[in-house]
Amino acid sequence: MAPSNVDYSLYLVTDSTPAVLGHRDLAEVVEAALRGGVTICQYRDKTSDTAALVSTARKLHAITREHNVPLLINDRVDVALAVGCEGVHIGQDDLDLQTARKLLGNDAIIGVTVSTVTEALKACRQGADYLGIGTMFATPTKTNTKDIIGTTGTQEILRAISDEGSNVRTVTIGGINTTNVQRVLYQSSCPTKQLDGVAVVSAIIAAKDPKSTAEEILSLVKSPPPFAAASLANSRKKQDASSLISQIPGVIRAVGEKNPLSHNMTNLVVQNFAANVALAVGGSPIMANYGQEAKDLSKLGGSLVINMGTVTPEGLQNYSLSLRAYNLKGGPVVLDPVGAGATAVRRSAIKTLMVEGYFDVIKGNEGEIKTVLGSTVQQRGVDSGASTLSDVEKAALVCELATRERNVVLMTGTTDFVSDGQRTFAVSNGHEMLGRVTGTGCVLGTIISLMLAVSRDDKLLATIAGLLHFEIAAEIAAGRDDVRGPGTFVPALIDELYNIQAATRAGELSWLERAR
Ligand code: 3NM
Ligand code: MG
């Protein structure tokens with residue numbers, strides 16, 4: 001088999017330890033996995049002596065050949081030569097690639113483990129056929145990994161390989177299973193290079209039914225995640241502001257007509273306010289902080305808001321449960337990383353959440369968005385702190401995060417910046433009164449979640465629709481004669497949110513002329 005034709009979609013890496021294999025027969029498990037559709041296999045055994053390695057490898061090779069699937073040996077070029085199998089996989093501390101190539105020849109498949117751009121480029125230049133990029137997620141299967149690089153680090157490596165013009169093939173490894181495989185493939189890829197597949201150890205080897213698990217993972221590899229299915233078609237749309245604005249009334253009307261569910265896991269301060277705002281704009285709120293409920297709620301066609309304004313350890317676990325449930329169903333999820341840069345606990349909570357799942361929209365102030373991007377800013381409480389950025393830099397920041405996460409990012413401020421990585425807009429609506437009462441940023445997250453529920457195929461449009469509905473309502477409310485300060489502003493804001501919804505449904509769109 002010529003190395004260039006290899007199908008890397010589902011790469012099974014074996015493990016013979018009792019913790020993973022249990023007391024089953026490795027050859028039987030591999031055979032079952034091959035029947036389930038594994039496309040390439042690596043025999044990885046760190047403990048057996050050479051004679052046992054060769055004997056097991058021969059057995060496995062007989063099976064993989066029947067399925068027309070290449071067999072590679074981890075680390076041991078001598079074993080690969082003895083068995084005559086298709087190649088080897090080498091780590092950074094194993095025999096070097098050039099020597100392995102010399103020993104095995106040009107027809108052999110040689111893969112290399114990489115976790116940095118430098119390692120990746122070196123392996124490409126030395127003629128690796130594929131790269132095993134990792135570690136994606138911390139995994140008990142291999143605890144001595146150098147780096148947990150996640151989708152962010154993987155995407156950086158793919159971009160560097162692509163810039164280099166290399167056509168090396170790539171798989172990700174580390175903690176891949178049925179619940180995360182689609183998101184990992186989606187969020188790791190950059191416009192010019194995608195992963196060719198996933199390498200899996202325990203999810204298949206330790207599975208009760210390796211065949212059906214392999215089938216399931218393979219079919220997941222071959223289809224986009226539920227939350228991306230619609231927006232993929234839309235992602236190449238280039239739109240100007242006016243055509244985007246012309247679509248906003250349709251979104252607001254749809255919220256009023258469909259009354260979508262907004263499942264809020266929000267902070268103690270804003271529960272009541274957020275529920276009233278959801279009702280005012282035509283939505284159906286449920287404030288449910290118990291993660292076990294998400295499985296049922298995620299089936300109702302609505303969306304989820306995770307607002308970590310009063311995060312607790314138990315709360316964090318509940319967020320993760322809900323996030324996974326909605327990701328599985330494709331229900332939109334809004335993240336409001338309230339005060340993300342205020343404390344070490346929150347910085348760590350945000351990291352955990354970003355690893356646990358996919359957020360369709362991330363909404364925050366400058367300090368929060370910078371924290372999500374990974375810089376260490378010290379926020380004073382939940383306030384953003386003084387900005388050091390120009391408008392151009394702010395626009396670049398939201399575009400960078402949206403590109404990295406393949407979602408929509410909204411950074412609120414006097415001017416708001418919103419981007420889906422391809423389209424970036426600035427919005428200058430709003431009123432300083434919004435800063436004088438608590439929870440206004442939080443309820444914006446709830447409004448956006450409702451817009452997303454009815455506009456899944458264009459998340460940027462949904463976000464801007466929610467933002468303008470909210471900020472223009474605030475302007476109108478603040479200008480009312482009966483509003484004399486923050487106390488009277490809040491009920492007026494709820495009224496004007498309601499009025500905009502009603503006016504839009506009646507075809508009265510003059511409010512939207514305020515958009516800027
Ligand atoms: N190599 P599981 S992680 C063999 O990061 C291996 O290079 C890794 O096992 C790397 O699929 C890993 O059970 C183990 O998480 C992956
Ligand atoms: Mg190794």
# chains A, B, ... in the order shown; residues from 1 in each chain; ligands from 1
$ residues_around --residues "range 304-308 of chain A" --least-positions-apart "6" --cutoff "7 Å" --atoms "only C-alpha atoms" --output "NGL selection string"
:A and (262-267 or 319 or 332-338 or 445-446 or 449)
$ write_last_selection --atoms "N, CA and C atoms" --output "compact mmCIF listing (two decimals), in the first residue's frame"
# COMPACT_ATOMS: atom_id res chain seq x y z
N SER A 262 -35.24 29.38 26.53
CA SER A 262 -33.88 29.78 26.90
C SER A 262 -33.60 29.18 28.27
N HIS A 263 -32.75 28.19 28.25
CA HIS A 263 -32.36 27.48 29.47
C HIS A 263 -31.18 28.25 30.08
N ASN A 264 -31.43 28.88 31.21
CA ASN A 264 -30.40 29.71 31.84
C ASN A 264 -29.77 29.01 33.03
N MET A 265 -28.45 28.90 32.97
CA MET A 265 -27.70 28.52 34.17
C MET A 265 -26.94 29.80 34.51
N THR A 266 -27.59 30.63 35.26
CA THR A 266 -27.03 31.96 35.43
C THR A 266 -26.78 32.26 36.89
N ASN A 267 -26.27 33.43 37.15
CA ASN A 267 -25.84 33.73 38.51
C ASN A 267 -27.00 34.15 39.40
N TYR A 319 -22.48 22.90 34.73
CA TYR A 319 -22.30 23.55 33.43
C TYR A 319 -21.81 22.53 32.40
N PRO A 332 -27.91 25.59 20.52
CA PRO A 332 -26.91 26.66 20.71
C PRO A 332 -26.59 26.92 22.18
N VAL A 333 -25.34 27.24 22.44
CA VAL A 333 -24.90 27.54 23.80
C VAL A 333 -24.18 28.89 23.81
N VAL A 334 -24.61 29.76 24.74
CA VAL A 334 -23.96 31.05 24.92
C VAL A 334 -23.14 30.99 26.20
N LEU A 335 -21.89 31.40 26.12
CA LEU A 335 -21.05 31.49 27.31
C LEU A 335 -20.89 32.95 27.71
N ASP A 336 -21.20 33.22 28.97
CA ASP A 336 -20.91 34.54 29.53
C ASP A 336 -19.88 34.35 30.63
N PRO A 337 -18.61 34.59 30.32
CA PRO A 337 -17.53 34.30 31.28
C PRO A 337 -17.38 35.44 32.29
N VAL A 338 -18.41 35.65 33.08
CA VAL A 338 -18.46 36.81 33.98
C VAL A 338 -17.26 36.82 34.94
N GLY A 445 -27.04 38.15 27.22
CA GLY A 445 -26.74 36.76 26.88
C GLY A 445 -28.01 35.95 26.69
N THR A 446 -29.00 36.20 27.55
CA THR A 446 -30.28 35.48 27.45
C THR A 446 -30.99 35.86 26.14
N SER A 449 -29.38 34.18 23.25
CA SER A 449 -29.68 32.74 23.18
C SER A 449 -31.01 32.50 22.48
$ residues_near_ligand --ligand "ligand 2" --cutoff "7 Å" --atoms "only C-alpha atoms and all ligand atoms" --output "mmCIF file with N, CA and C atoms, in the first residue's frame"
data_model
loop_
_atom_site.group_PDB
_atom_site.id
_atom_site.type_symbol
_atom_site.label_atom_id
_atom_site.label_comp_id
_atom_site.auth_asym_id
_atom_site.auth_seq_id
_atom_site.Cartn_x
_atom_site.Cartn_y
_atom_site.Cartn_z
ATOM 1 N N ASN A 74 4.546 0.617 17.256
ATOM 2 C CA ASN A 74 4.989 1.762 18.035
ATOM 3 C C ASN A 74 6.465 1.611 18.364
ATOM 4 N N ASP A 75 7.238 2.572 17.952
ATOM 5 C CA ASP A 75 8.610 2.712 18.418
ATOM 6 C C ASP A 75 9.612 1.685 17.827
ATOM 7 N N ILE A 90 6.786 6.666 15.632
ATOM 8 C CA ILE A 90 7.855 7.005 16.570
ATOM 9 C C ILE A 90 7.559 8.282 17.351
ATOM 10 N N GLY A 91 7.965 8.255 18.601
ATOM 11 C CA GLY A 91 7.798 9.415 19.468
ATOM 12 C C GLY A 91 9.044 10.278 19.424
ATOM 13 N N ASP A 93 11.187 10.735 21.632
ATOM 14 C CA ASP A 93 12.340 10.147 22.319
ATOM 15 C C ASP A 93 12.759 8.804 21.718
ATOM 16 N N ASP A 94 12.111 8.417 20.629
ATOM 17 C CA ASP A 94 12.442 7.136 20.003
ATOM 18 C C ASP A 94 13.553 7.326 18.961
#
$ residues_near_ligand --ligand "ligand 1" --cutoff "6 Å" --atoms "only C-alpha atoms and all ligand atoms" --output "ChimeraX atom specification"
/A:113,134-135,139,141-142,145,173-176,200-203
$ closest_residue --among "A:Val77, A:Ala51, A:Ile464, A:Glu405" --to "Gly153 in chain A" --atoms "only C-alpha atoms"
A:Glu405
$ select_by_dssp --residues "range 47-263 of chain A" --states "strand (DSSP E)" --output "PyMOL selection string"
chain A and resi 71-74+87-90+109-114+130-133+169-173+197-200+261-263
$ atom_distance --atom1 "CA of Leu158 in chain A" --atom2 "CA of Ile133 in chain A"
9.2 Å
$ residues_around --residues "range 408-423 of chain A" --least-positions-apart "3" --cutoff "9 Å" --atoms "only C-alpha atoms" --output "PDB file with C-alpha atoms, in the first residue's frame"
ATOM      1  CA  SER A 235     -19.779  30.219   6.508  1.00  0.00           C
ATOM      2  CA  ARG A 236     -18.679  31.477   3.143  1.00  0.00           C
ATOM      3  CA  LYS A 237     -21.267  34.235   3.038  1.00  0.00           C
ATOM      4  CA  LYS A 238     -19.711  37.669   2.902  1.00  0.00           C
ATOM      5  CA  GLN A 239     -22.230  40.238   3.965  1.00  0.00           C
ATOM      6  CA  ASP A 240     -22.253  43.940   4.451  1.00  0.00           C
ATOM      7  CA  PHE A 359     -19.849  27.457  22.675  1.00  0.00           C
ATOM      8  CA  ASP A 360     -21.729  28.922  19.739  1.00  0.00           C
ATOM      9  CA  VAL A 361     -21.343  32.430  21.132  1.00  0.00           C
ATOM     10  CA  ILE A 362     -18.956  33.839  23.722  1.00  0.00           C
ATOM     11  CA  LYS A 363     -20.026  37.206  25.070  1.00  0.00           C
ATOM     12  CA  GLY A 364     -18.000  39.261  27.487  1.00  0.00           C
ATOM     13  CA  ASN A 365     -16.340  42.558  28.239  1.00  0.00           C
ATOM     14  CA  GLU A 366     -12.763  43.271  27.228  1.00  0.00           C
ATOM     15  CA  GLU A 368     -13.281  38.617  30.009  1.00  0.00           C
ATOM     16  CA  ILE A 369     -12.606  38.113  26.317  1.00  0.00           C
ATOM     17  CA  SER A 384     -13.550  45.056  32.585  1.00  0.00           C
ATOM     18  CA  ASP A 391     -10.843  49.911  18.066  1.00  0.00           C
ATOM     19  CA  LYS A 394     -10.452  45.188  19.649  1.00  0.00           C
ATOM     20  CA  ALA A 395     -11.840  44.099  16.298  1.00  0.00           C
ATOM     21  CA  LEU A 397      -9.167  40.389  19.164  1.00  0.00           C
ATOM     22  CA  VAL A 398     -12.754  39.216  18.644  1.00  0.00           C
ATOM     23  CA  CYS A 399     -11.863  37.999  15.158  1.00  0.00           C
ATOM     24  CA  GLU A 400      -8.919  36.036  16.551  1.00  0.00           C
ATOM     25  CA  LEU A 401     -10.982  34.292  19.221  1.00  0.00           C
ATOM     26  CA  ALA A 402     -13.867  33.584  16.832  1.00  0.00           C
ATOM     27  CA  THR A 403     -11.441  32.095  14.311  1.00  0.00           C
ATOM     28  CA  ARG A 404      -9.791  29.975  16.967  1.00  0.00           C
ATOM     29  CA  GLU A 405     -13.040  28.639  18.416  1.00  0.00           C
ATOM     30  CA  ALA A 426     -18.710  47.321  15.407  1.00  0.00           C
ATOM     31  CA  VAL A 427     -21.969  48.422  17.037  1.00  0.00           C
ATOM     32  CA  SER A 428     -22.236  51.779  18.789  1.00  0.00           C
ATOM     33  CA  ASN A 429     -25.746  51.593  20.214  1.00  0.00           C
ATOM     34  CA  GLY A 430     -26.570  51.412  23.906  1.00  0.00           C
ATOM     35  CA  HIS A 431     -26.747  53.869  26.774  1.00  0.00           C
ATOM     36  CA  GLU A 432     -24.586  54.651  29.763  1.00  0.00           C
ATOM     37  CA  GLY A 441     -24.764  42.296  30.337  1.00  0.00           C
ATOM     38  CA  LYS A 459     -25.036  32.798  14.499  1.00  0.00           C
ATOM     39  CA  LEU A 460     -23.542  36.191  13.744  1.00  0.00           C
ATOM     40  CA  THR A 463     -25.990  37.803  17.912  1.00  0.00           C
ATOM     41  CA  ILE A 464     -26.307  41.181  16.232  1.00  0.00           C
ATOM     42  CA  LEU A 467     -27.514  43.123  20.560  1.00  0.00           C
TER      43      LEU A 467
END
$ closest_residue --among "A:Lys295, A:Leu444, A:Asp196, A:Val281" --to "Val251 in chain A" --atoms "only C-alpha atoms"
A:Val281
$ residues_around --residues "Val69 in chain A" --least-positions-apart "6" --cutoff "8 Å" --atoms "only C-alpha atoms" --output "list of chain:residue names"
A:Val38, A:Thr39, A:Ile40, A:Cys41
$ residues_around --residues "range 503-511 of chain A" --least-positions-apart "6" --cutoff "9 Å" --atoms "only C-alpha atoms" --output "ChimeraX atom specification"
/A:249-250,252-254,256-257,469,472-473,476
$ write_last_selection --atoms "C-alpha atoms" --output "CSV table (one decimal), in the first residue's frame"
chain,number,residue,atom,x,y,z
A,249,PRO,CA,-36.6,41.8,11.9
A,250,GLY,CA,-37.2,38.3,10.6
A,252,ILE,CA,-37.0,39.0,16.1
A,253,ARG,CA,-40.3,38.1,14.7
A,254,ALA,CA,-39.4,34.4,14.8
A,256,GLY,CA,-42.1,36.1,19.1
A,257,GLU,CA,-43.8,33.5,17.0
A,469,HIS,CA,-32.8,44.7,20.1
A,472,ILE,CA,-31.9,50.2,21.1
A,473,ALA,CA,-34.5,49.3,23.8
A,476,ILE,CA,-35.4,54.4,24.0
$ closest_residue --among "A:Thr371, A:Gln379, A:Asn327, A:Asn167" --to "Ala342 in chain A" --atoms "only C-alpha atoms"
A:Gln379
$ select_by_dssp --residues "range 231-371 of chain A" --states "alpha helix (DSSP H)" --output "NGL selection string"
:A and (231-234 or 241-246 or 248-258 or 271-280 or 294-297 or 313-329 or 344-356 or 366-371)
$ closest_residue --among "A:Asn144, A:Gln182, A:Ser322, A:Ser375" --to "Ser223 in chain A" --atoms "only C-alpha atoms"
A:Gln182
$ atom_distance --atom1 "CA of Phe425 in chain A" --atom2 "CA of Ser189 in chain A"
23.8 Å
$ atom_distance --atom1 "CA of Leu434 in chain A" --atom2 "CA of Ala477 in chain A"
10.3 Å
